[in-house]
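What's in structure_16.tsv: TSV, C-alpha atoms and all ligand atoms
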```tsv
chain	number	residue	atom	x	y	z
A	3	MET	CA	183.89	125.23	115.01
A	4	ALA	CA	180.72	123.55	113.70
A	5	GLU	CA	177.57	125.62	113.89
A	6	LEU	CA	173.85	125.27	113.25
A	7	SER	CA	172.39	126.19	109.84
A	8	VAL	CA	169.65	128.25	111.56
A	9	ARG	CA	169.56	131.14	114.07
A	10	HIS	CA	166.13	130.26	115.46
A	11	LEU	CA	164.74	126.85	116.36
A	12	LEU	CA	161.22	127.14	114.96
A	13	GLY	CA	160.71	123.57	113.81
A	14	ILE	CA	162.55	120.36	113.00
A	15	LYS	CA	161.47	120.89	109.41
A	16	ASP	CA	164.15	123.61	109.04
A	17	LEU	CA	167.02	121.52	110.45
A	18	THR	CA	169.52	119.39	108.56
A	19	ARG	CA	170.66	115.98	109.71
A	20	GLU	CA	174.02	117.60	110.52
A	21	ASP	CA	172.26	120.14	112.76
A	22	ILE	CA	170.61	117.30	114.68
A	23	GLU	CA	173.92	115.47	115.06
A	24	LEU	CA	175.63	118.65	116.27
A	25	ILE	CA	172.88	119.20	118.85
A	26	PHE	CA	173.27	115.61	120.09
A	27	GLU	CA	177.07	115.80	120.35
A	28	THR	CA	176.74	119.05	122.27
A	29	ALA	CA	174.03	117.52	124.48
A	30	ASP	CA	176.32	114.53	125.25
A	31	HIS	CA	178.78	117.01	126.68
A	32	PHE	CA	176.14	118.87	128.69
A	33	LYS	CA	174.69	115.62	130.00
A	34	GLU	CA	178.08	114.86	131.45
A	35	VAL	CA	178.20	118.38	132.95
A	36	ILE	CA	174.82	118.07	134.70
A	37	ASN	CA	175.85	114.81	136.31
A	38	ARG	CA	178.85	116.50	137.97
A	39	PRO	CA	178.64	117.76	141.57
A	40	ILE	CA	178.90	121.31	140.18
A	41	LYS	CA	176.30	121.38	137.45
A	42	LYS	CA	176.84	124.88	136.16
A	43	VAL	CA	178.98	126.19	133.32
A	44	PRO	CA	179.49	129.86	132.37
A	45	SER	CA	178.66	129.40	128.64
A	46	LEU	CA	175.68	131.82	128.56
A	47	ARG	CA	176.92	134.37	131.09
A	48	ASP	CA	175.76	137.83	129.93
A	49	ILE	CA	172.94	136.32	127.87
A	50	THR	CA	169.37	137.05	128.99
A	51	VAL	CA	166.64	134.57	128.09
A	52	ALA	CA	162.90	135.25	128.37
A	53	ASN	CA	160.59	132.25	128.72
A	54	ILE	CA	157.28	133.42	127.35
A	55	PHE	CA	154.49	130.90	127.89
A	56	PHE	CA	151.03	131.67	126.57
A	57	GLU	CA	149.90	128.10	127.29
A	58	ASN	CA	150.19	125.81	130.32
A	59	SER	CA	153.32	123.79	130.76
A	60	THR	CA	155.12	121.98	133.58
A	61	ARG	CA	157.97	119.92	132.18
A	62	THR	CA	158.91	122.06	129.23
A	63	ARG	CA	159.05	125.32	131.18
A	64	LEU	CA	161.00	123.85	134.09
A	65	SER	CA	163.31	122.07	131.69
A	66	PHE	CA	164.13	125.24	129.74
A	67	GLU	CA	164.59	127.22	132.92
A	68	LEU	CA	166.98	124.64	134.38
A	69	ALA	CA	168.88	124.47	131.09
A	70	GLU	CA	169.26	128.27	131.05
A	71	LYS	CA	170.36	128.44	134.69
A	72	ARG	CA	172.90	125.64	134.26
A	73	LEU	CA	174.40	127.67	131.41
A	74	SER	CA	174.53	130.72	133.74
A	75	ALA	CA	172.10	132.79	131.66
A	76	ASP	CA	169.93	135.47	133.27
A	77	VAL	CA	166.35	134.26	133.11
A	78	VAL	CA	163.01	136.05	133.12
A	79	ASN	CA	159.70	134.20	133.07
A	80	PHE	CA	156.42	135.37	131.71
A	81	SER	CA	153.08	133.59	131.82
A	82	ALA	CA	150.29	135.07	129.74
A	83	GLY	CA	147.69	134.39	132.41
A	84	GLN	CA	149.27	136.96	134.71
A	85	SER	CA	150.17	139.55	132.07
A	86	SER	CA	148.88	142.50	130.07
A	87	VAL	CA	147.90	140.09	127.28
A	88	LYS	CA	144.74	139.76	129.30
A	89	LYS	CA	144.31	143.53	128.90
A	90	GLY	CA	144.32	143.30	125.09
A	91	GLU	CA	147.99	143.81	124.18
A	92	THR	CA	149.15	142.28	120.88
A	93	LEU	CA	151.76	139.51	120.74
A	94	LEU	CA	154.25	141.78	118.98
A	95	ASP	CA	153.80	144.59	121.52
A	96	THR	CA	154.18	142.19	124.44
A	97	VAL	CA	157.36	140.74	123.04
A	98	ASN	CA	158.83	144.09	121.95
A	99	ASN	CA	158.32	145.41	125.45
A	100	ILE	CA	160.17	142.45	126.88
A	101	LEU	CA	162.96	142.82	124.32
A	102	SER	CA	163.42	146.52	125.03
A	103	MET	CA	164.70	145.30	128.39
A	104	LYS	CA	167.63	143.80	126.42
A	105	VAL	CA	166.63	140.17	126.15
A	106	ASP	CA	168.82	138.10	123.80
A	107	MET	CA	166.76	134.93	123.41
A	108	VAL	CA	163.07	134.11	123.60
A	109	VAL	CA	161.67	130.66	124.38
A	110	MET	CA	158.03	130.74	123.45
A	111	ARG	CA	154.98	128.49	123.75
A	112	HIS	CA	151.80	129.69	122.09
A	113	SER	CA	148.47	128.11	121.21
A	114	SER	CA	148.54	129.60	117.67
A	115	VAL	CA	150.34	127.75	114.90
A	116	GLY	CA	153.13	129.94	113.50
A	117	ALA	CA	153.34	132.43	116.40
A	118	PRO	CA	157.12	131.96	116.87
A	119	HIS	CA	157.65	132.12	113.07
A	120	PHE	CA	155.79	135.43	112.99
A	121	LEU	CA	157.94	136.82	115.79
A	122	SER	CA	161.16	135.70	114.14
A	123	ARG	CA	160.36	138.00	111.23
A	124	HIS	CA	159.92	141.00	113.50
A	125	ILE	CA	162.45	140.79	116.30
A	126	LYS	CA	166.21	140.37	116.58
A	127	ALA	CA	166.42	137.87	119.46
A	128	ASN	CA	166.97	134.16	118.77
A	129	ILE	CA	163.69	132.32	119.13
A	130	VAL	CA	163.10	128.79	120.35
A	131	ASN	CA	159.68	127.32	119.70
A	132	ALA	CA	158.53	125.49	122.84
A	133	GLY	CA	155.32	124.36	121.12
A	134	ASP	CA	153.06	126.27	118.71
A	135	GLY	CA	149.49	124.98	118.76
A	136	THR	CA	149.15	121.67	116.95
A	137	HIS	CA	152.18	122.35	114.75
A	138	GLU	CA	155.72	121.70	116.07
A	139	HIS	CA	157.50	121.11	119.36
A	140	PRO	CA	161.07	120.76	118.15
A	141	THR	CA	162.96	120.36	121.45
A	142	GLN	CA	160.60	117.54	122.46
A	143	ALA	CA	161.38	115.64	119.25
A	144	LEU	CA	165.11	116.25	119.74
A	145	LEU	CA	165.06	114.90	123.28
A	146	ASP	CA	162.96	111.94	122.12
A	147	SER	CA	165.49	111.01	119.43
A	148	PHE	CA	168.38	111.65	121.80
A	149	SER	CA	166.76	109.19	124.25
A	150	ILE	CA	166.29	106.54	121.53
A	151	ARG	CA	169.95	106.98	120.52
A	152	GLU	CA	170.97	106.57	124.17
A	153	ARG	CA	168.91	103.39	124.70
A	154	LEU	CA	169.36	101.71	121.31
A	155	GLY	CA	172.73	103.13	120.16
A	156	GLN	CA	171.34	104.89	117.10
A	157	VAL	CA	168.18	106.20	115.50
A	158	GLU	CA	169.01	105.24	111.93
A	159	GLY	CA	167.22	102.08	110.82
A	160	LYS	CA	164.98	101.91	113.90
A	161	LYS	CA	161.24	101.46	113.58
A	162	VAL	CA	159.33	103.99	115.65
A	163	CYS	CA	155.56	104.07	116.01
A	164	ILE	CA	153.79	107.13	117.41
A	165	PHE	CA	150.50	106.19	119.09
A	166	GLY	CA	147.41	108.22	119.89
A	167	ASP	CA	146.08	111.63	119.01
A	168	ILE	CA	148.24	112.42	115.99
A	169	LEU	CA	145.74	114.97	114.67
A	170	HIS	CA	146.14	117.41	117.56
A	171	SER	CA	149.74	116.69	118.43
A	172	ARG	CA	152.72	118.94	117.78
A	173	VAL	CA	154.96	116.27	119.30
A	174	ALA	CA	153.93	113.85	116.53
A	175	LEU	CA	154.80	116.15	113.62
A	176	SER	CA	158.17	117.20	115.04
A	177	ASN	CA	158.99	113.56	115.77
A	178	ILE	CA	158.08	112.47	112.25
A	179	PHE	CA	160.45	115.08	110.75
A	180	ALA	CA	163.25	114.34	113.24
A	181	LEU	CA	163.08	110.56	112.87
A	182	GLN	CA	162.92	110.65	109.08
A	183	LYS	CA	165.86	113.04	108.86
A	184	GLN	CA	167.91	110.54	110.87
A	185	GLY	CA	166.92	107.58	108.71
A	186	ALA	CA	164.36	105.91	111.00
A	187	GLU	CA	161.14	104.31	109.73
A	188	VAL	CA	158.01	105.90	111.15
A	189	MET	CA	154.48	104.60	111.69
A	190	VAL	CA	151.50	106.34	113.27
A	191	CYS	CA	148.74	104.40	115.01
A	192	GLY	CA	145.45	105.56	116.50
A	193	PRO	CA	141.72	105.73	115.81
A	194	ALA	CA	141.12	106.79	112.19
A	195	THR	CA	139.38	109.93	113.47
A	196	LEU	CA	142.60	111.05	115.16
A	197	LEU	CA	144.87	110.42	112.17
A	198	PRO	CA	145.14	113.35	109.71
A	199	LYS	CA	143.66	112.39	106.31
A	200	TYR	CA	146.84	112.89	104.28
A	201	ILE	CA	149.35	111.83	106.91
A	202	GLY	CA	150.57	109.03	104.62
A	203	GLU	CA	151.93	111.66	102.25
A	204	LEU	CA	154.60	112.47	104.83
A	205	GLY	CA	156.02	109.03	104.10
A	206	VAL	CA	154.83	107.36	107.31
A	207	LYS	CA	153.06	104.02	107.62
A	208	VAL	CA	149.53	104.24	108.98
A	209	GLU	CA	147.94	101.59	111.21
A	210	THR	CA	144.77	101.47	113.29
A	211	ASP	CA	145.46	98.13	115.01
A	212	VAL	CA	147.58	98.62	118.12
A	213	ARG	CA	148.79	95.03	118.32
A	214	LYS	CA	150.02	95.07	114.71
A	215	ALA	CA	151.75	98.40	115.27
A	216	LEU	CA	153.45	97.17	118.45
A	217	GLN	CA	154.53	94.00	116.68
A	218	TRP	CA	156.16	96.14	113.95
A	219	CYS	CA	158.06	98.69	116.02
A	220	ASP	CA	161.24	98.84	118.08
A	221	VAL	CA	160.05	101.95	119.90
A	222	ALA	CA	156.52	103.02	120.87
A	223	ASN	CA	156.10	106.74	121.52
A	224	VAL	CA	152.70	107.01	123.20
A	225	LEU	CA	150.85	110.34	123.19
A	226	ARG	CA	148.10	111.76	125.32
A	227	ILE	CA	144.61	112.47	124.00
A	228	GLN	CA	144.73	116.25	123.60
A	229	LEU	CA	141.22	116.84	124.94
A	230	GLU	CA	141.80	120.59	125.31
A	231	ARG	CA	142.54	120.88	121.58
A	232	GLN	CA	139.49	118.89	120.48
A	233	GLY	CA	136.53	121.16	119.74
A	234	GLY	CA	133.91	120.72	122.48
A	235	ASP	CA	131.08	119.25	120.41
A	236	ILE	CA	133.10	116.94	118.21
A	237	ALA	CA	133.45	113.36	119.40
A	238	TYR	CA	136.51	111.62	117.99
A	239	PHE	CA	135.80	108.44	119.95
A	240	PRO	CA	132.88	107.29	122.11
A	241	SER	CA	134.48	107.55	125.57
A	242	LEU	CA	137.87	107.51	127.29
A	243	ARG	CA	137.02	104.07	128.61
A	244	GLU	CA	136.49	102.75	125.11
A	245	TYR	CA	139.65	104.50	123.89
A	246	SER	CA	141.67	102.82	126.57
A	247	GLN	CA	140.18	99.41	125.76
A	248	GLU	CA	140.99	99.72	122.05
A	249	PHE	CA	144.19	101.79	122.13
A	250	GLY	CA	145.53	101.66	125.69
A	251	ILE	CA	148.86	99.88	126.14
A	252	ASP	CA	149.39	97.70	129.19
A	253	LYS	CA	151.97	95.18	130.35
A	254	ALA	CA	149.90	92.14	129.35
A	255	LEU	CA	149.73	93.41	125.77
A	256	LEU	CA	153.48	94.11	125.65
A	257	ASP	CA	154.27	90.71	127.19
A	258	SER	CA	152.22	88.98	124.50
A	259	LEU	CA	154.55	90.29	121.78
A	260	ASP	CA	157.49	88.17	120.69
A	261	LYS	CA	160.03	90.93	121.45
A	262	GLU	CA	160.70	93.70	123.94
A	263	ILE	CA	160.11	97.22	122.72
A	264	VAL	CA	161.10	100.56	124.23
A	265	VAL	CA	158.21	102.71	125.49
A	266	MET	CA	158.26	106.52	125.50
A	267	HIS	CA	155.82	109.25	126.48
A	268	PRO	CA	156.35	113.04	126.32
A	269	GLY	CA	154.10	113.62	129.35
A	270	PRO	CA	151.75	114.48	130.84
A	271	ILE	CA	150.60	110.83	131.06
A	272	ASN	CA	146.93	110.08	131.52
A	273	ARG	CA	147.55	106.89	133.46
A	274	GLY	CA	145.07	104.16	132.65
A	275	VAL	CA	143.98	105.85	129.41
A	276	GLU	CA	146.78	105.60	126.81
A	277	LEU	CA	149.29	103.89	129.08
A	278	ALA	CA	148.84	101.62	132.10
A	279	SER	CA	150.95	102.24	135.20
A	280	ASP	CA	152.50	98.78	134.91
A	281	VAL	CA	154.10	99.96	131.66
A	282	ALA	CA	154.79	103.59	132.57
A	283	ASP	CA	156.75	102.54	135.67
A	284	SER	CA	158.53	99.55	134.10
A	285	GLU	CA	162.11	99.10	132.91
A	286	GLN	CA	160.85	99.08	129.35
A	287	ALA	CA	159.79	102.73	129.66
A	288	ILE	CA	162.36	105.50	129.28
A	289	ILE	CA	159.96	108.29	130.24
A	290	LEU	CA	162.09	109.73	133.04
A	291	ASP	CA	165.23	109.46	130.90
A	292	GLN	CA	163.42	111.62	128.36
A	293	VAL	CA	162.80	114.25	131.04
A	294	GLN	CA	166.40	114.14	132.18
A	295	ASN	CA	167.73	114.33	128.63
A	296	GLY	CA	165.44	117.28	127.96
A	297	VAL	CA	167.63	119.53	130.08
A	298	ALA	CA	170.87	118.53	128.29
A	299	VAL	CA	169.28	118.80	124.83
A	300	ARG	CA	167.83	122.24	125.61
A	301	MET	CA	171.20	123.38	126.96
A	302	ALA	CA	172.71	122.31	123.63
A	303	VAL	CA	170.08	124.15	121.58
A	304	LEU	CA	170.44	127.39	123.58
A	305	TYR	CA	174.21	127.22	123.54
A	306	LEU	CA	174.40	126.61	119.78
A	307	LEU	CA	171.85	129.33	118.94
A	308	ALA	CA	173.75	131.81	121.12
A	309	GLN	CA	176.83	131.15	118.94
A	310	LYS	CA	174.81	132.37	115.94
A	311	GLY	CA	174.09	135.71	117.67
B	401	LIG	C1	153.43	117.97	125.09
B	401	LIG	C2	152.97	119.32	124.62
B	401	LIG	O1	152.75	120.23	125.42
B	401	LIG	O2	152.87	119.44	123.42
B	401	LIG	N1	153.96	117.95	126.38
B	401	LIG	C3	155.24	118.32	126.60
B	401	LIG	O3	155.74	119.31	126.09
B	401	LIG	N2	155.98	117.53	127.40
B	401	LIG	C4	152.43	116.93	124.90
B	401	LIG	C5	151.11	117.07	125.56
B	401	LIG	O4	150.71	118.12	126.04
B	401	LIG	O5	150.43	116.04	125.57
```

In structure tokens, how does this file's structure come out?
Ligand code: NCD
Amino acid sequence: MAELSVRHLLGIKDLTREDIELIFETADHFKEVINRPIKKVPSLRDITVANIFFENSTRTRLSFELAEKRLSADVVNFSAGQSSVKKGETLLDTVNNILSMKVDMVVMRHSSVGAPHFLSRHIKANIVNAGDGTHEHPTQALLDSFSIRERLGQVEGKKVCIFGDILHSRVALSNIFALQKQGAEVMVCGPATLLPKYIGELGVKVETDVRKALQWCDVANVLRIQLERQGGDIAYFPSLREYSQEFGIDKALLDSLDKEIVVMHPGPINRGVELASDVADSEQAIILDQVQNGVAVRMAVLYLLAQKG
């Protein structure tokens, strides 16, 4: 049976194209399962998964938890806000205490870049990175590509532009790696202050004009301004109002193009800032498909990592 080349999912950077294809084929199967009247399969019976979230999350945490439950895993949840982390415990101590209760897999979100990589060197459980600071968010990029493949038939050869706050986004970096590994062309577009200086060296096109970027792409993946990750005194743009005038995407703008593009957003959307409601709620947007696919893709990742022991 085919298996992944890794035993942790820390970042898309570590995956091969074959890994991504295997995850998608497995997710196709699980997507069919979760549309059945009985949505549960026994694949992870006897496996215990801890969801350890040191940072806020709605979609990602619910999505992982549903994925785990639909695979019949035992699930424990931990949010740093309500834990002994607040009493000064180290990350390694916190996680070792959880693992001593015989946990097999850890899904972790942390505000520090590299936190899940650090843990993977010190503990035996399989680790899934659910977002580490501004670095990677691999399952988001996988579900994004899976959703493009579902809507457009394939990812290879497609032109995908990622819009917005690229500098503070872990979704952007994971998407760039995932799309390139599958043979898509990638562009980033946003205010120059929110584009990392050397981003072009990753082999992506760089654009600051939204209309030109939209005209180029088949798929627009629109990101939120990550205000909570922008240092308080630094202004990257004059105001949200100005940002939305220059970089916001609305229906009138999309209708003025000479083609119809697919619109994505990882959530949470700041309606009226980066994306207008008349786009977010339109047929062109596959935002809720992304959420639905997230469960199937995460089921695939957990299932395949469990095979690696
Ligand atoms: C993203 C995240 O947390 O990195 N959201 C998500 O996982 N769906 C993007 C964001 O917070 O803007």

Measuring atom to atom with only C-alpha atoms, identify which of A:Ala194, A:Leu12, A:Val188, A:Leu145 is nearest to Gly296 of chain A. A:Leu145

Pairwise distance for atom N1 of ligand LIG 401 (chain B) and atom CA of Phe56 of chain A, rounded to one decimal in Å: 14.0 Å

10 Å from ligand LIG 401 (chain B) is the threshold here; counting only C-alpha atoms and all ligand atoms, which polymer residues fall inside it? Answer as a ChimeraX atom specification. /A:57-63,65,111,113,132-143,167,170-174,224-231,267-272,292-293,296

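Compared by their closest atoms to Ile22 of chain A, and using only C-alpha atoms, the residues A:Lys261, A:Arg300, A:Arg243, A:Lys183 rank with A:Lys183 nearest.
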
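Considering all atoms listed in the file, the residue among A:Arg123, A:Asn53, A:Asp48, A:Glu209 positioned nearest to Lys104 of chain A is A:Asp48.
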
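Residues in contact with Lys161 of chain A at up to 10 Å, not including ones fewer than 5 positions away on its chain and judged by only C-alpha atoms, are Leu181, Gly185, Ala186, Glu187, Val188, Met189, Trp218, Cys219, Asp220, Val221 and Ala222 of chain A.
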
Export, as a short mmCIF file (atom, residue, chain, number, x, y, z; two decimals), in the frame of the given file, the selected residues with C-alpha atoms.
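Now in result.cif:
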```cif
data_model
loop_
_atom_site.label_atom_id
_atom_site.label_comp_id
_atom_site.auth_asym_id
_atom_site.auth_seq_id
_atom_site.Cartn_x
_atom_site.Cartn_y
_atom_site.Cartn_z
CA LEU A 181 163.08 110.56 112.87
CA GLY A 185 166.92 107.58 108.71
CA ALA A 186 164.36 105.91 111.00
CA GLU A 187 161.14 104.31 109.73
CA VAL A 188 158.01 105.90 111.15
CA MET A 189 154.48 104.60 111.69
CA TRP A 218 156.16 96.14 113.95
CA CYS A 219 158.06 98.69 116.02
CA ASP A 220 161.24 98.84 118.08
CA VAL A 221 160.05 101.95 119.90
CA ALA A 222 156.52 103.02 120.87
#
```

I want to know what sits within 9 Å of segment 237-241 of chain A, based on all atoms listed in the file, with residues of the same chain fewer than 4 positions away left out; could you give that as a compact mmCIF listing (two decimals) with C-alpha atoms, in the frame of the given file?
```
# COMPACT_ATOMS: atom_id res chain seq x y z
CA PRO A 193 141.72 105.73 115.81
CA ALA A 194 141.12 106.79 112.19
CA THR A 195 139.38 109.93 113.47
CA LEU A 196 142.60 111.05 115.16
CA GLN A 232 139.49 118.89 120.48
CA GLY A 233 136.53 121.16 119.74
CA TYR A 245 139.65 104.50 123.89
CA SER A 246 141.67 102.82 126.57
```

Please define a box with edges along x, y and z of the file around all atoms of segment 155-169 of chain A given in the file, extend it by 8 Å on each side, and return its centre and edge lengths in Å to one decimal, as lines of an AutoDock Vina configuration file.
```
center_x = 159.2
center_y = 108.2
center_z = 115.5
size_x = 43.0
size_y = 29.5
size_z = 25.3
```

Which residues of segment 94-197 of chain A have any atom within 12 Å of an atom in segment 275-284 of chain A when counting all atoms listed in the file, and what is the closest pair of atoms for each, with the distance in Å to one decimal? Order the rows by chain and rising number and write it as a tab-separated table.
```
residue	atom	partner	partner_atom	distance
A:Ile164	CA	A:Glu276	CA	11.8
A:Phe165	CA	A:Glu276	CA	8.6
A:Gly166	CA	A:Glu276	CA	7.4
A:Asp167	CA	A:Glu276	CA	9.9
A:Gly192	CA	A:Glu276	CA	10.4
```

Who sits within 12 Å of Asp16 of chain A, all atoms listed in the file, same chain under 3 positions skipped, as a PyMOL selection string: chain A and resi 6-13+19-22+119+138+140+176+179-180+183

Go ahead and compute the interatomic distance for atom CA of Leu304 of chain A and atom CA of Asn128 of chain A, in Å to one decimal. 9.0 Å

Separation of atom CA of Leu306 of chain A from atom CA of Ser147 of chain A, in Å and rounded to one decimal: 18.0 Å

Find the residues around Leu101 of chain A up to 9 Å (only C-alpha atoms counted), leave out those fewer than 6 positions away in its own chain, and share them as a PyMOL selection string. chain A and resi 52+107-108+125-127

Hey, what's within 9 Å of segment 31-40 of chain A if we count only C-alpha atoms and toss same-chain stuff fewer than 3 positions away? As an MDAnalysis selection string, please? chainID A and resid 26:28 43 72 294:295 297:299 301:302

Minimum-distance residue to Pro44 of chain A, chosen among A:Leu169, A:Leu68, A:Leu255, A:Ala75 (using all atoms listed in the file): A:Ala75

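Compared by their closest atoms to Arg151 of chain A, and using only C-alpha atoms, the residues A:Ile49, A:Gly274, A:Ala308, A:Gln184 rank with A:Gln184 nearest.
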